[in-house]
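Source file: query-v8.txt. Holds: compact mmCIF, C-alpha atoms.
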# COMPACT_ATOMS: atom_id res chain seq x y z
CA MET A 1 18.46 14.03 13.96
CA ALA A 2 19.94 10.52 13.77
CA SER A 3 17.53 9.53 11.00
CA ILE A 4 18.36 12.72 9.08
CA ILE A 5 22.06 11.86 9.13
CA ARG A 6 21.39 8.23 8.18
CA ASN A 7 19.33 9.36 5.21
CA GLN A 8 22.26 11.43 3.98
CA PHE A 9 24.13 8.20 3.31
CA ARG A 10 21.23 6.37 1.71
CA SER A 11 21.93 5.20 -1.84
CA LEU A 12 19.64 7.02 -4.28
CA PRO A 13 18.52 5.40 -7.55
CA TYR A 14 20.04 6.78 -10.73
CA PRO A 15 17.25 8.11 -12.98
CA THR A 16 16.40 5.93 -15.99
CA ALA A 17 12.78 6.84 -16.82
CA ASP A 18 11.82 7.77 -20.38
CA PHE A 19 10.98 11.47 -20.87
CA THR A 20 10.51 11.25 -24.63
CA GLY A 21 8.15 13.95 -25.87
CA LYS A 22 7.74 15.60 -22.47
CA THR A 23 8.05 19.27 -21.59
CA VAL A 24 9.64 20.14 -18.26
CA ILE A 25 9.98 23.46 -16.44
CA VAL A 26 12.64 23.82 -13.75
CA THR A 27 12.66 27.03 -11.72
CA GLY A 28 16.10 28.09 -10.57
CA GLY A 29 17.48 25.78 -13.24
CA ASN A 30 20.83 27.47 -13.79
CA VAL A 31 22.64 26.16 -10.70
CA GLY A 32 22.76 23.34 -8.20
CA LEU A 33 19.90 20.91 -7.86
CA GLY A 34 17.83 22.59 -10.56
CA LEU A 35 20.67 22.40 -13.07
CA GLU A 36 21.26 18.71 -12.38
CA ALA A 37 17.55 17.86 -12.49
CA ALA A 38 17.29 19.63 -15.85
CA ARG A 39 20.35 17.74 -17.09
CA HIS A 40 18.74 14.41 -16.18
CA CYS A 41 15.48 15.33 -17.94
CA ALA A 42 17.36 16.32 -21.10
CA ARG A 43 19.47 13.17 -20.93
CA LEU A 44 16.36 11.03 -20.63
CA GLY A 45 14.88 12.36 -23.84
CA ALA A 46 12.65 15.30 -22.91
CA ALA A 47 11.46 17.26 -25.94
CA LYS A 48 11.83 20.57 -24.10
CA VAL A 49 13.47 21.54 -20.82
CA ILE A 50 12.90 25.15 -19.78
CA LEU A 51 15.21 26.75 -17.25
CA GLY A 52 13.44 29.56 -15.41
CA CYS A 53 16.25 31.89 -14.34
CA ARG A 54 16.56 35.34 -12.82
CA ASN A 55 19.91 35.81 -14.53
CA THR A 56 19.52 34.70 -18.14
CA GLU A 57 23.24 35.06 -18.82
CA LYS A 58 23.93 32.43 -16.17
CA GLY A 59 21.02 30.47 -17.57
CA GLU A 60 22.60 30.40 -21.02
CA ALA A 61 25.85 29.18 -19.47
CA ALA A 62 23.87 26.41 -17.77
CA ARG A 63 22.20 25.52 -21.07
CA ARG A 64 25.57 25.21 -22.79
CA ASP A 65 26.89 23.12 -19.90
CA ILE A 66 23.95 20.71 -20.14
CA GLU A 67 24.24 20.42 -23.90
CA ALA A 68 28.01 19.85 -23.77
CA SER A 69 27.50 16.99 -21.29
CA LEU A 70 25.01 15.10 -23.46
CA PRO A 71 25.48 12.96 -26.57
CA ARG A 72 24.09 14.42 -29.76
CA ARG A 73 20.65 13.08 -30.57
CA ASP A 74 21.73 12.36 -34.11
CA GLY A 75 24.00 9.65 -32.70
CA ARG A 76 27.32 11.36 -33.28
CA SER A 77 29.94 10.85 -30.64
CA ASN A 78 31.14 14.39 -30.04
CA GLY A 79 29.24 15.91 -27.09
CA GLY A 80 26.67 18.64 -27.34
CA SER A 81 23.05 18.35 -28.37
CA THR A 82 22.13 20.64 -31.26
CA ASN A 83 18.38 20.04 -31.13
CA GLY A 84 17.50 23.06 -28.98
CA VAL A 85 15.99 20.95 -26.22
CA VAL A 86 17.06 23.27 -23.39
CA GLU A 87 15.67 26.81 -23.35
CA VAL A 88 16.30 29.68 -20.94
CA TRP A 89 13.36 31.87 -19.97
CA PRO A 90 13.59 34.88 -17.64
CA LEU A 91 11.94 34.30 -14.27
CA ASP A 92 12.50 36.53 -11.25
CA MET A 93 10.72 35.00 -8.28
CA CYS A 94 11.09 38.29 -6.40
CA SER A 95 8.63 39.84 -8.86
CA PHE A 96 5.02 38.77 -9.26
CA GLU A 97 4.91 40.45 -12.69
CA SER A 98 7.89 38.37 -13.81
CA VAL A 99 6.13 35.21 -12.64
CA LYS A 100 2.99 36.17 -14.53
CA ALA A 101 4.97 37.03 -17.66
CA PHE A 102 6.65 33.61 -17.49
CA PHE A 103 3.24 31.96 -17.23
CA ARG A 104 1.83 33.92 -20.18
CA ARG A 105 4.73 32.82 -22.33
CA ALA A 106 4.25 29.20 -21.28
CA ASP A 107 0.54 29.42 -21.95
CA ASP A 108 1.13 30.89 -25.41
CA GLU A 109 4.09 28.82 -26.57
CA LEU A 110 3.83 25.39 -24.97
CA GLU A 111 1.70 22.71 -26.59
CA ARG A 112 2.00 20.64 -23.44
CA LEU A 113 3.46 20.78 -19.94
CA ASP A 114 4.27 17.53 -18.19
CA VAL A 115 6.39 18.58 -15.23
CA LEU A 116 6.94 21.63 -13.05
CA ILE A 117 9.91 21.32 -10.71
CA SER A 118 9.55 24.19 -8.21
CA ASN A 119 13.17 24.29 -7.22
CA ALA A 120 13.95 28.02 -6.92
CA GLY A 121 14.58 29.13 -3.36
CA VAL A 122 16.61 31.43 -1.12
CA ASN A 123 17.93 31.29 2.42
CA MET A 124 18.29 34.83 3.74
CA ALA A 125 19.77 36.04 6.99
CA THR A 126 19.14 39.71 6.17
CA PHE A 127 15.71 41.30 5.75
CA TYR A 128 14.80 42.33 2.21
CA LEU A 129 11.30 43.32 1.17
CA ASP A 130 9.99 42.06 -2.18
CA GLU A 131 6.38 42.61 -3.22
CA GLY A 132 5.53 43.61 0.34
CA TYR A 133 6.84 40.43 2.00
CA GLU A 134 10.21 39.31 3.30
CA ARG A 135 12.18 37.83 0.41
CA THR A 136 12.33 34.25 1.70
CA ILE A 137 8.54 34.10 1.85
CA THR A 138 8.05 35.91 -1.47
CA VAL A 139 10.38 33.57 -3.34
CA ASN A 140 10.02 30.26 -1.52
CA VAL A 141 6.29 30.40 -0.92
CA ILE A 142 4.15 33.07 -2.59
CA SER A 143 5.79 33.17 -6.03
CA THR A 144 6.29 29.41 -5.96
CA PHE A 145 2.57 28.75 -5.53
CA LEU A 146 1.59 31.64 -7.78
CA LEU A 147 3.45 30.00 -10.66
CA ALA A 148 2.19 26.52 -9.80
CA LEU A 149 -1.45 27.58 -9.76
CA LEU A 150 -1.09 29.62 -12.94
CA LEU A 151 0.37 26.58 -14.72
CA LEU A 152 -2.05 24.07 -13.19
CA PRO A 153 -4.62 24.28 -16.05
CA LYS A 154 -1.88 23.52 -18.58
CA LEU A 155 -0.83 20.48 -16.55
CA LYS A 156 -4.46 19.32 -16.34
CA GLN A 157 -4.94 19.78 -20.08
CA THR A 158 -1.78 17.82 -20.84
CA ALA A 159 -2.86 14.96 -18.57
CA ALA A 160 -6.25 14.77 -20.27
CA ARG A 161 -5.05 15.20 -23.83
CA PHE A 162 -2.19 12.71 -23.68
CA ASN A 163 -3.72 10.34 -21.12
CA ALA A 164 -0.66 10.78 -18.93
CA GLU A 165 0.22 11.78 -15.41
CA THR A 166 1.67 15.26 -15.03
CA HIS A 167 3.58 16.45 -11.99
CA ILE A 168 4.19 19.42 -9.74
CA CYS A 169 7.10 18.80 -7.41
CA PHE A 170 7.76 21.30 -4.62
CA ALA A 171 11.03 21.52 -2.70
CA SER A 172 10.79 21.32 1.06
CA SER A 173 13.50 20.30 3.52
CA ASP A 174 14.17 18.55 6.78
CA ALA A 175 14.46 22.12 8.03
CA HIS A 176 10.66 22.05 8.38
CA ARG A 177 11.17 19.83 11.44
CA PHE A 178 13.07 22.58 13.25
CA ALA A 179 10.68 25.45 12.56
CA ALA A 180 9.47 27.14 15.75
CA PHE A 181 6.82 28.83 13.58
CA ASN A 182 5.76 31.32 16.22
CA GLU A 183 3.98 33.25 13.44
CA ARG A 184 1.11 30.76 13.66
CA LYS A 185 0.07 32.42 16.93
CA GLU A 186 -0.63 35.72 15.16
CA PRO A 187 -4.11 36.68 13.85
CA LYS A 188 -2.78 36.79 10.27
CA ILE A 189 0.26 34.59 9.64
CA PHE A 190 1.40 36.14 6.36
CA GLU A 191 1.10 39.67 7.77
CA THR A 192 3.99 38.92 10.14
CA PHE A 193 6.26 38.30 7.12
CA LYS A 194 6.04 42.00 6.23
CA SER A 195 7.80 43.16 9.38
CA LYS A 196 11.56 43.60 9.69
CA GLU A 197 11.19 43.48 13.48
CA LYS A 198 9.76 39.95 13.27
CA MET A 199 12.50 38.60 10.96
CA SER A 200 14.36 35.65 12.52
CA PHE A 201 16.80 32.90 11.66
CA ASP A 202 13.78 30.59 11.74
CA ARG A 203 12.48 32.11 8.49
CA TYR A 204 13.94 29.55 6.07
CA ASN A 205 12.67 26.69 8.24
CA VAL A 206 9.22 28.28 8.28
CA SER A 207 9.22 28.72 4.50
CA LYS A 208 9.95 25.03 4.00
CA LEU A 209 7.25 24.09 6.52
CA LEU A 210 4.80 26.29 4.62
CA ASP A 211 5.78 24.65 1.32
CA LEU A 212 5.01 21.27 2.84
CA LEU A 213 1.70 22.33 4.38
CA LEU A 214 0.54 24.13 1.24
CA SER A 215 1.47 21.32 -1.15
CA ARG A 216 -0.43 18.85 1.05
CA GLU A 217 -3.48 21.10 1.11
CA LEU A 218 -3.31 21.74 -2.64
CA ALA A 219 -3.33 17.98 -3.26
CA ARG A 220 -6.22 17.58 -0.82
CA GLN A 221 -8.21 20.34 -2.49
CA LEU A 222 -7.72 18.81 -5.93
CA ASP A 223 -8.93 15.47 -4.62
CA GLU A 224 -11.88 16.94 -2.75
CA LYS A 225 -13.05 18.93 -5.78
CA GLY A 226 -12.32 16.09 -8.18
CA THR A 227 -10.50 18.50 -10.50
CA GLY A 228 -6.99 17.11 -10.42
CA ALA A 229 -7.31 13.91 -12.43
CA GLY A 230 -3.93 13.00 -13.83
CA VAL A 231 -1.99 15.61 -11.84
CA VAL A 232 0.38 14.42 -9.12
CA VAL A 233 1.42 16.97 -6.50
CA ASN A 234 4.23 15.95 -4.21
CA VAL A 235 6.98 17.55 -2.15
CA ILE A 236 10.55 16.41 -1.59
CA ASN A 237 13.50 16.82 0.70
CA PRO A 238 16.63 16.66 -1.46
CA GLY A 239 18.82 16.38 1.60
CA PHE A 240 21.86 18.37 2.68
CA CYS A 241 23.55 19.20 -0.65
CA THR A 242 26.57 21.17 -1.79
CA SER A 243 24.43 23.78 -3.54
CA GLN A 244 24.51 27.58 -3.45
CA LEU A 245 21.54 27.75 -1.09
CA PHE A 246 23.74 28.83 1.82
CA ARG A 247 25.65 31.58 0.00
CA ASP A 248 23.82 34.45 1.77
CA LEU A 249 24.36 33.19 5.31
CA PRO A 250 26.76 35.16 7.55
CA PHE A 251 29.89 34.02 9.38
CA PRO A 252 30.18 31.78 11.38
CA ILE A 253 27.01 29.99 10.23
CA ASN A 254 28.35 29.67 6.68
CA LEU A 255 31.55 28.09 8.02
CA ILE A 256 29.61 25.57 10.11
CA ILE A 257 27.51 24.70 7.04
CA LYS A 258 30.63 24.22 4.92
CA LEU A 259 32.15 21.87 7.48
CA GLY A 260 28.90 19.91 7.66
CA LEU A 261 28.80 19.60 3.87
CA LEU A 262 32.36 18.30 3.82
CA MET A 263 31.38 15.55 6.24
CA ILE A 264 27.93 14.45 5.08
CA GLY A 265 26.90 16.57 2.11
CA ARG A 266 25.44 15.10 -1.05
CA THR A 267 26.49 16.34 -4.45
CA CYS A 268 23.87 18.32 -6.34
CA GLU A 269 23.60 15.48 -8.85
CA GLU A 270 22.78 13.05 -6.05
CA GLY A 271 20.24 15.46 -4.57
CA SER A 272 18.59 16.00 -7.95
CA ARG A 273 17.72 12.31 -8.09
CA THR A 274 15.06 13.00 -5.45
CA TYR A 275 13.31 15.30 -7.94
CA LEU A 276 13.48 12.70 -10.69
CA THR A 277 11.99 10.02 -8.46
CA ALA A 278 9.15 12.35 -7.47
CA ILE A 279 8.28 13.42 -11.02
CA THR A 280 8.22 9.83 -12.27
CA SER A 281 6.19 8.43 -9.37
CA GLY A 282 2.46 7.79 -9.52
CA LYS A 283 -0.58 8.78 -7.49
CA GLU A 284 0.75 6.91 -4.48
CA THR A 285 2.95 9.99 -3.88
CA HIS A 286 0.16 12.54 -4.37
CA GLY A 287 0.15 14.91 -1.40
CA LYS A 288 3.06 13.03 0.13
CA TYR A 289 6.42 14.11 1.50
CA MET A 290 9.38 12.25 0.00
CA ASP A 291 12.83 11.96 1.53
CA SER A 292 15.74 10.16 -0.11
CA CYS A 293 13.40 8.96 -2.89
CA LEU A 294 10.99 7.33 -0.43
CA ILE A 295 7.64 8.41 0.97
CA TRP A 296 8.52 9.65 4.43
CA GLU A 297 6.82 10.80 7.61
CA GLU A 298 6.52 14.55 8.10
CA SER A 299 7.25 16.31 11.38
CA GLN A 300 5.05 15.65 14.37
CA PHE A 301 3.59 19.15 14.05
CA VAL A 302 2.51 18.58 10.43
CA ARG A 303 0.77 15.34 11.43
CA SER A 304 -0.89 16.84 14.53
CA GLU A 305 -4.41 18.19 14.88
CA GLU A 306 -2.98 21.69 15.21
CA GLY A 307 -0.90 21.15 12.08
CA SER A 308 -4.01 20.16 10.15
CA LYS A 309 -5.81 23.32 11.23
CA VAL A 310 -2.83 25.53 10.42
CA GLN A 311 -2.51 23.83 7.03
CA LYS A 312 -6.03 24.91 6.07
CA ARG A 313 -5.47 28.35 7.55
CA VAL A 314 -2.26 29.14 5.64
CA TYR A 315 -3.81 27.81 2.44
CA ALA A 316 -6.81 30.13 2.86
CA GLU A 317 -4.53 33.09 3.59
CA LEU A 318 -2.35 32.32 0.58
CA MET A 319 -5.38 32.07 -1.70
CA GLU A 320 -6.46 35.54 -0.58
CA ILE A 321 -3.01 36.89 -1.40
CA LEU A 322 -2.87 35.16 -4.78
CA GLU A 323 -6.32 36.49 -5.67
CA THR A 324 -5.02 40.04 -5.19
CA ILE A 325 -2.10 39.24 -7.51
CA GLU A 326 -4.10 37.37 -10.16
CA PRO A 327 -7.89 37.59 -9.70
CA GLY A 328 -9.63 34.29 -10.36
CA ILE A 329 -6.54 32.13 -9.85
CA SER A 330 -8.19 30.03 -7.13
CA LYS A 331 -10.57 28.68 -9.78
CA ASN A 332 -7.58 26.89 -11.33
CA VAL A 333 -7.57 24.38 -8.47
Using the file provided, produce a representation of the structure as C-alpha cells.
Amino acid sequence: MASIIRNQFRSLPYPTADFTGKTVIVTGGNVGLGLEAARHCARLGAAKVILGCRNTEKGEAARRDIEASLPRRDGRSNGGSTNGVVEVWPLDMCSFESVKAFFRRADDELERLDVLISNAGVNMATFYLDEGYERTITVNVISTFLLALLLLPKLKQTAARFNAETHICFASSDAHRFAAFNERKEPKIFETFKSKEKMSFDRYNVSKLLDLLLSRELARQLDEKGTGAGVVVNVINPGFCTSQLFRDLPFPINLIIKLGLLMIGRTCEEGSRTYLTAITSGKETHGKYMDSCLIWEESQFVRSEEGSKVQKRVYAELMEILETIEPGISKNV
C-alpha cells in the first residue's frame, strides 16, 4: 500500500512523441482518461483519432472539446482544428454486436491502425446482465479482448506495411493486487460471472486482474507463435484518478473514494500520460505491466506458479467464449 501511495505522487513525463500519420482508436474516449489520451494523440499530430463511445452525443461534445483545445493545423492562432482529425464512432461494450460492427467499420474504412487504447471500463456495485455475463466482466474483459483480437490483423498489417511498431494498450489497475479471486476455485471461472448470487464487491478487482493475466498471455502467445512481429501488447495502471469510474458506487463507498481523490488523486490528464508512455514504448514493454510510466512488478499472485496456471486457464476459457461470438477469431493471434 505504501508503494501505491508513493507512486501517486511520482512525476509523470509530459508526452512529446510524434504521432504524424498515425491512426489511433480510444475506447471510452468521451470522458476522463480516454478523452485526455485522445487529446494528447491529436495534439501530437495523429492523422486520425477515433473515439469509440456508447453515447455518440457525448462523444461529439468530446470531439468539439478536443478540437477547441488545439491550435489549428494551418497555423492560425484561434483554437480549433478544422481538419477532421477526431471522429466519433458508436461502440457499446455491453453489446457484442456493437463491438463487431465497430470492427467491421474499422476494417472497411481504415487504411492503417497504429494504436488501440482499450480504456473503456465500468465499476459496478449492482448486478446487471449483459450478453449473459455480469456487466463488469462483459465490458472490462470479454468485449475488451473481443475488439482487440478482431483488430489485431489490422495492427499486424500496419506494422508490416509501414515498418513500424503498433500497440495495444490495456487498462489494468493496482486493484488487481487486492482481488480475492475466489472464482478461480470453480470448475469454470467465467461461468461464475453469470450468477447474481456470486456477485461481490471484489468484481472490479477481479476484472482488472483478468485484464492483466490475459494481456500477458496474449503477448506470450504472439511470441510463441511468432505471429506478432511489430505489435507491442502492454498493460498499464493509470493510478487513482479523478475520473467517472466510481460514479456507480453506492454510499458510503463513493464518499470515501471522493475523499481519497481529494487527498492523493491524479487529474485525468496526468493519468492519461501513462497511456501515452505505453503506446510509444518499444518491445521492452511487450507483455509487461506498467505503473506510473515505468515497467513495474505485478502482484505476488500473478508472478506465482498458481498465477501462471490460472493465466493459461482464463485465456483458454476466454478463447472458447470469443469463438462462440466470432468463429475463427483465435486464428487472429
Quiz prompt | Selected residue of minimal separation from Thr285 in chain A among A:Asn234, A:Ser299, A:Lys312, A:Ser304, counting all atoms listed in the file | solution =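 Among A:Asn234, A:Ser299, A:Lys312, A:Ser304, it is A:Asn234 that comes nearest to Thr285 in chain A.
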With 12 Å as the cut-off and all atoms listed in the file counted, what is the closest atom pair between each nearby residue of range 184-217 of chain A and range 114-130 of chain A? Distances in Å to one decimal, ordered by chain and number, as CSV.
residue,atom,partner,partner_atom,distance
A:Phe193,CA,A:Leu129,CA,9.3
A:Lys194,CA,A:Leu129,CA,7.4
A:Ser195,CA,A:Phe127,CA,8.9
A:Lys196,CA,A:Phe127,CA,6.2
A:Glu197,CA,A:Phe127,CA,9.2
A:Lys198,CA,A:Phe127,CA,9.7
A:Met199,CA,A:Phe127,CA,6.7
A:Ser200,CA,A:Ala125,CA,7.7
A:Phe201,CA,A:Ala125,CA,6.4
A:Asp202,CA,A:Ala125,CA,9.4
A:Arg203,CA,A:Met124,CA,8.0
A:Tyr204,CA,A:Asn123,CA,5.7
A:Asn205,CA,A:Asn123,CA,9.1
A:Val206,CA,A:Asn123,CA,10.9
A:Ser207,CA,A:Asn123,CA,9.3
A:Lys208,CA,A:Gly121,CA,9.6
A:Asp211,CA,A:Ser118,CA,10.3
A:Ser215,CA,A:Ser118,CA,11.1
Quick one: which range 125-203 of chain A residues come within 10 Å of range 269-281 of chain A, and what is the nearest atom pair for each with the distance in Å to one decimal, counting all atoms listed in the file, rows ordered by chain and ascending number, as a tab-separated table?
residue	atom	partner	partner_atom	distance
A:Glu165	CA	A:Thr280	CA	8.8
A:Thr166	CA	A:Ile279	CA	7.9
A:His167	CA	A:Ile279	CA	5.7
A:Ile168	CA	A:Ile279	CA	7.4
A:Cys169	CA	A:Ile279	CA	6.6
A:Phe170	CA	A:Tyr275	CA	8.8
A:Ala171	CA	A:Tyr275	CA	8.4
Those selected residues, please, written with C-alpha atoms and delivered as a short mmCIF file (atom, residue, chain, number, x, y, z; two decimals), in the coordinates of the input.
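Output saved as again12.cif:
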data_model
loop_
_atom_site.label_atom_id
_atom_site.label_comp_id
_atom_site.auth_asym_id
_atom_site.auth_seq_id
_atom_site.Cartn_x
_atom_site.Cartn_y
_atom_site.Cartn_z
CA GLU A 165 0.22 11.78 -15.41
CA THR A 166 1.67 15.26 -15.03
CA HIS A 167 3.58 16.45 -11.99
CA ILE A 168 4.19 19.42 -9.74
CA CYS A 169 7.10 18.80 -7.41
CA PHE A 170 7.76 21.30 -4.62
CA ALA A 171 11.03 21.52 -2.70
#
Quiz item: Around (4.2, 21.2, 2.9) in the file's frame, which residues reach within 9 Å when counting only C-alpha atoms? Return as a ChimeraX atom specification?
Solution: /A:170-172,176,208-217,234-235,287-289,298,302,311
Quiz item: Between A:Ala316, A:Ile325, A:Ala47, A:Ala61, which is the closest to Val99 in chain A once you count all atoms listed in the file?
Solution: A:Ile325
Exercise. Do a neighbour search on Ala101 in chain A at 12 Å with only C-alpha atoms, toss out local chain neighbours closer than 3 positions, and write the hits as JSON, numbers by chain.
Key: {"A": [52, 89, 90, 91, 92, 93, 95, 96, 97, 98, 104, 105, 106, 107, 108, 146, 147, 150, 151, 326]}
Quiz item: In Å, with one decimal, what is the gap from CA of Gln300 in chain A to CA of Phe178 in chain A?
Solution: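 For CA of Gln300 in chain A relative to CA of Phe178 in chain A, the distance reads 10.7 Å.
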Quiz item: Pick the closest to Thr138 in chain A from A:Phe190, A:Arg161, A:Glu60, A:Glu183: which is it, counting only C-alpha atoms?
Solution: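 Ranking A:Phe190, A:Arg161, A:Glu60, A:Glu183 by distance to Thr138 in chain A, first place goes to A:Phe190.
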Quiz item: Looking at only C-alpha atoms, which of A:Asp223, A:Glu134, A:Glu109, A:Glu67 is the one that sits closest to Arg43 in chain A?
Solution: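 Ranking A:Asp223, A:Glu134, A:Glu109, A:Glu67 by distance to Arg43 in chain A, first place goes to A:Glu67.
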Centre, x/y/z edge lengths, axis-aligned box for range 210-214 of chain A with 6 Å per side, as AutoDock Vina command-line options:
--center_x 3.2 --center_y 23.8 --center_z 2.9 --size_x 17.2 --size_y 17.0 --size_z 15.4
